[in-house]
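Trainee: The structure under discussion is supplied below as structure tokens; questions concerning it will follow.
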Protein chains: 2
Amino acid sequence: MRSAVVVGTGAIGTSVALALTRGGVAVHLADVNSTAARTAEAMGAGSLEPPKEPVDLAVLAVPPAHVAVELARVQAEGLAHAYTDVASVKARPQQDLAAAGSADPARYIGGHPLTGTDRSGPLAARADLFEGRPWVLTPSARTDRAVLNRALELVALCAATPVIMDVVAHDRAVALTSHAPHLVAALMAARLSDATDADLRVCGPGLRSLTHAASGDPTLWQDILRANGAAVADVLEAYAADLADAIRALRALDSAVAPARERAEGDMRRLLARGARGRSHTTPKPGTPPTDLTPVTVTVPDRPGILTQVFTAVGDIGTTIEDIRIDHAPGQGQGLVDLLVHRDAAPELARLLGAGGWSVSG
Amino acid sequence: MRSAVVVGTGAIGTSVALALTRGGVAVHLADVNSTAARTAEAMGAGSLEPPKEPVDLAVLAVPPAHVAVELARVQAEGLAHAYTDVASVKARPQQDLAAAGSADPARYIGGHPLTGTDRSGPLAARADLFEGRPWVLTPSARTDRAVLNRALELVALCAATPVIMDVVAHDRAVALTSHAPHLVAALMAARLSDATDADLRVCGPGLRSLTHAASGDPTLWQDILRANGAAVADVLEAYAADLADAIRALRALDSAVAPARERAEGDMRRLLARGARGRSHTTPKPGTPPTDLTPVTVTVPDRPGILTQVFTAVGDIGTTIEDIRIDHAPGQGQGLVDLLVHRDAAPELARLLGAGGWSVSG
């Protein structure tokens, strides 16, 4: 690939442009928002000059609802030899394209890089945003082989891992693993909107972590949910059926009628077991079973600089830390730092930190 | 307080015993599980000898369903001058006591220390488990003033923050902020129990964090949900009504009929806004608005020892780290470490880490 146009200089588009520029590709930037475009240019993402001849690849980094219209427009201009997009929903844009009838489906391949970030705007862009992340490509039956290979080259230049999927399977997968969970968390957060002071006194860090999703950009989420509404509704309907079972079981768990109580206990046990099984599917590191890791917990006073001191101490000891959980006790003077290390290394780390005057358990 | 009995030497009971022993109180331990009791004794939590005369306070650290029976038993023995428990549900034990009729309600006060831990067994105990945490006390109209003051002394010896609440308000609060969120997360995890390989390829760290609750002890949760079933069911019924609205809106968000579409958009917008408002109520540090903190993101290769190297580098620089988020890209060679620092300190930290050869953004 020698030349590319990136249409849309938000966090994703600008990150693609930075990665391509780093890879030696001549990148042209376009955005209806000229401030965003100029910011991306100033960051070294590419040039605001339009290309003089068709580029090798045009990347449409515009909201899902705009992909079809934008693709029709740039294909009519003959902007590029191949076209892709980065929208987080894939079936709907493809239907829009088919309905529009004007675009050239052979030269288009859908794409969706999964970055896990929810930051927006060109200043949130990074050339390495996609490194090691999955990047779904959804070639249709009509997509040219050359266009697929161009998209694979894009993914490689961004150091991401390509995953070829069907548009429907993709949308179902993100509905299940991203869009439905977002709503499930946002609706739990909504229950807190009229919480009393007493309720909030007993509210801990687990709840804050669970409801994190509810702080996402509502306009973006409205767009995503519109474009993938049916698939998300399917997941949530199955969820609602389980929820109705759970509510029924909760009402009967202390029933005086033994058969009703026993049925409720069985139903609740099955729901919790299914949750544990599903949870196990999300295990972070294939090849590193969680049982190999064990936490060493350090209790620290909640004052400036204390985490730095912990990390310096751990760095001095030289144990490999696999993960960290920090548990503030807000405004209450103490915090917990869980250092997750391999089981074999835990006793020695605990001993050395303890010898260094730290309050350690685990 | 000079003497106490702790009945039940799990994580909570043993932690109470350790804190009281540290505070100079003569602690006697009792547990039907003699291995647990001996472990607690070996940890220095107290003595297995029964007291020769009534102690100042008996702390019942037994499962919620056993509190009433155990209280009746130890009150009949004249074990102590005052009695409390640590069960995470409060109305049900009180009803059981009233129904049993044998216990002395004036000498009993309900208690619930909120530790935020889900570890179990005496080895998970720590003298400082309760430091800075809320400890709810639920005196009834019949509780003696002296018994309330004894419980406040216990809370002070454990360095926790006492919160006086009515039993019903307590159970409603923990249903809303802990028990219902647990089920909401477990049911989302249950949806993943038949996820396909394709689904799991697009599964990211946000989902793992959301479904963390589903890895909790199912037997303990069954007990908690039984004891607080009605309050949890009330929260989940309101949740289910919102969920039904969300599903209806999702099905109509791309309706061709303008009024239906606009109504769906309005409904979804209101649900998301209510989620954001509820989320804002869980804000971690009163007095430290989240906008004062900004992340400095370091991209690191996913290899042993790398986190230690990052922390050593940060420790050398000396910036105060307020929080850390680690975002593994499982098996894909890269990870992201977000170092949350005060806005003013971020540019310098980023500059110095960058100068040290780290791949930094933010």
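By convention in this document, the chains of the structure tokens carry letters A, B, ... by their order, each chain's residues are numbered from 1, and ligands are numbered from 1 in the order they are shown.
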Could you pull out the strand (DSSP E) residues of range 3-188 of chain A from DSSP and send them as a PyMOL selection string?

Mentor: chain A and resi 3-7+26-30+57-60+83-85+108-113+134-138+161-164

Trainee: Those residues with C-alpha atoms, as a short mmCIF file (atom, residue, chain, number, x, y, z; two decimals), in the first residue's frame please?

Mentor:
data_model
loop_
_atom_site.label_atom_id
_atom_site.label_comp_id
_atom_site.auth_asym_id
_atom_site.auth_seq_id
_atom_site.Cartn_x
_atom_site.Cartn_y
_atom_site.Cartn_z
CA SER A 3 -1.47 5.81 -0.52
CA ALA A 4 -4.64 6.06 1.52
CA VAL A 5 -7.43 8.46 2.43
CA VAL A 6 -8.85 8.46 5.94
CA VAL A 7 -12.32 10.03 6.07
CA ALA A 26 1.08 8.62 2.03
CA VAL A 27 -2.07 9.48 3.99
CA HIS A 28 -4.66 12.09 3.03
CA LEU A 29 -7.10 13.25 5.73
CA ALA A 30 -10.69 14.45 5.34
CA LEU A 57 -7.36 2.36 0.10
CA ALA A 58 -10.01 4.66 1.54
CA VAL A 59 -10.84 4.11 5.21
CA LEU A 60 -14.21 5.52 6.27
CA TYR A 83 -12.79 0.87 0.47
CA THR A 84 -13.31 -0.17 4.08
CA ASP A 85 -14.89 1.26 7.22
CA TYR A 108 -15.82 -2.57 -0.39
CA ILE A 109 -15.05 -4.69 2.67
CA GLY A 110 -16.51 -4.01 6.12
CA GLY A 111 -14.10 -3.70 9.05
CA HIS A 112 -14.27 -3.27 12.81
CA PRO A 113 -11.14 -2.81 14.92
CA PRO A 134 -8.73 -8.14 17.07
CA TRP A 135 -9.77 -6.39 13.83
CA VAL A 136 -12.85 -8.01 12.31
CA LEU A 137 -13.17 -8.01 8.49
CA THR A 138 -16.51 -8.90 6.89
CA THR A 161 -4.96 -9.48 14.51
CA PRO A 162 -7.37 -10.01 11.58
CA VAL A 163 -10.55 -12.02 12.23
CA ILE A 164 -12.75 -12.84 9.21
#

Trainee: Applying 7 Å and only C-alpha atoms, which residues near Ala103 in chain A remain after dropping the ones on its own chain fewer than 6 positions away? List them as a list of chain:residue names.

Mentor: A:Leu71, A:Ala72, A:Gln75, A:Leu97

Trainee: One decimal, Å: what's the distance from CA of Met188 in chain B over to CA of Arg279 in chain B, could you say?

Mentor: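 Computed distance, CA of Met188 in chain B to CA of Arg279 in chain B, equals 18.7 Å.
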
Trainee: With a distance cut-off of 12 Å and only C-alpha atoms, select the neighbouring residues of range 98-100 of chain A, excluding the residue or stretch itself and same-chain residues fewer than 2 positions from it, and output the selection as a list in words.

Mentor: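 Surrounding residues, per the criterion: Val67, Ala68, Val69, Glu70, Leu71, Ala72, Arg73, Ala91, Arg92, Pro93, Gln94, Gln95, Asp96, Ser102, Ala103, Asp104, Pro105, Ala106, Tyr108, Ser140 and Arg142 of chain A.
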
Trainee: Within 6 Å of range 250-253 of chain B, counting only C-alpha atoms, which residues qualify if same-chain residues fewer than 2 places away don't, as a VMD selection string?

Mentor: (chain A and resid 226 229 to 230) or (chain B and resid 247 to 248 255 261 264)

Trainee: So how far away is CA of Thr282 in chain A from CA of Cys203 in chain B, in Å?

Mentor: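 These atoms are spaced 7.1 Å apart.
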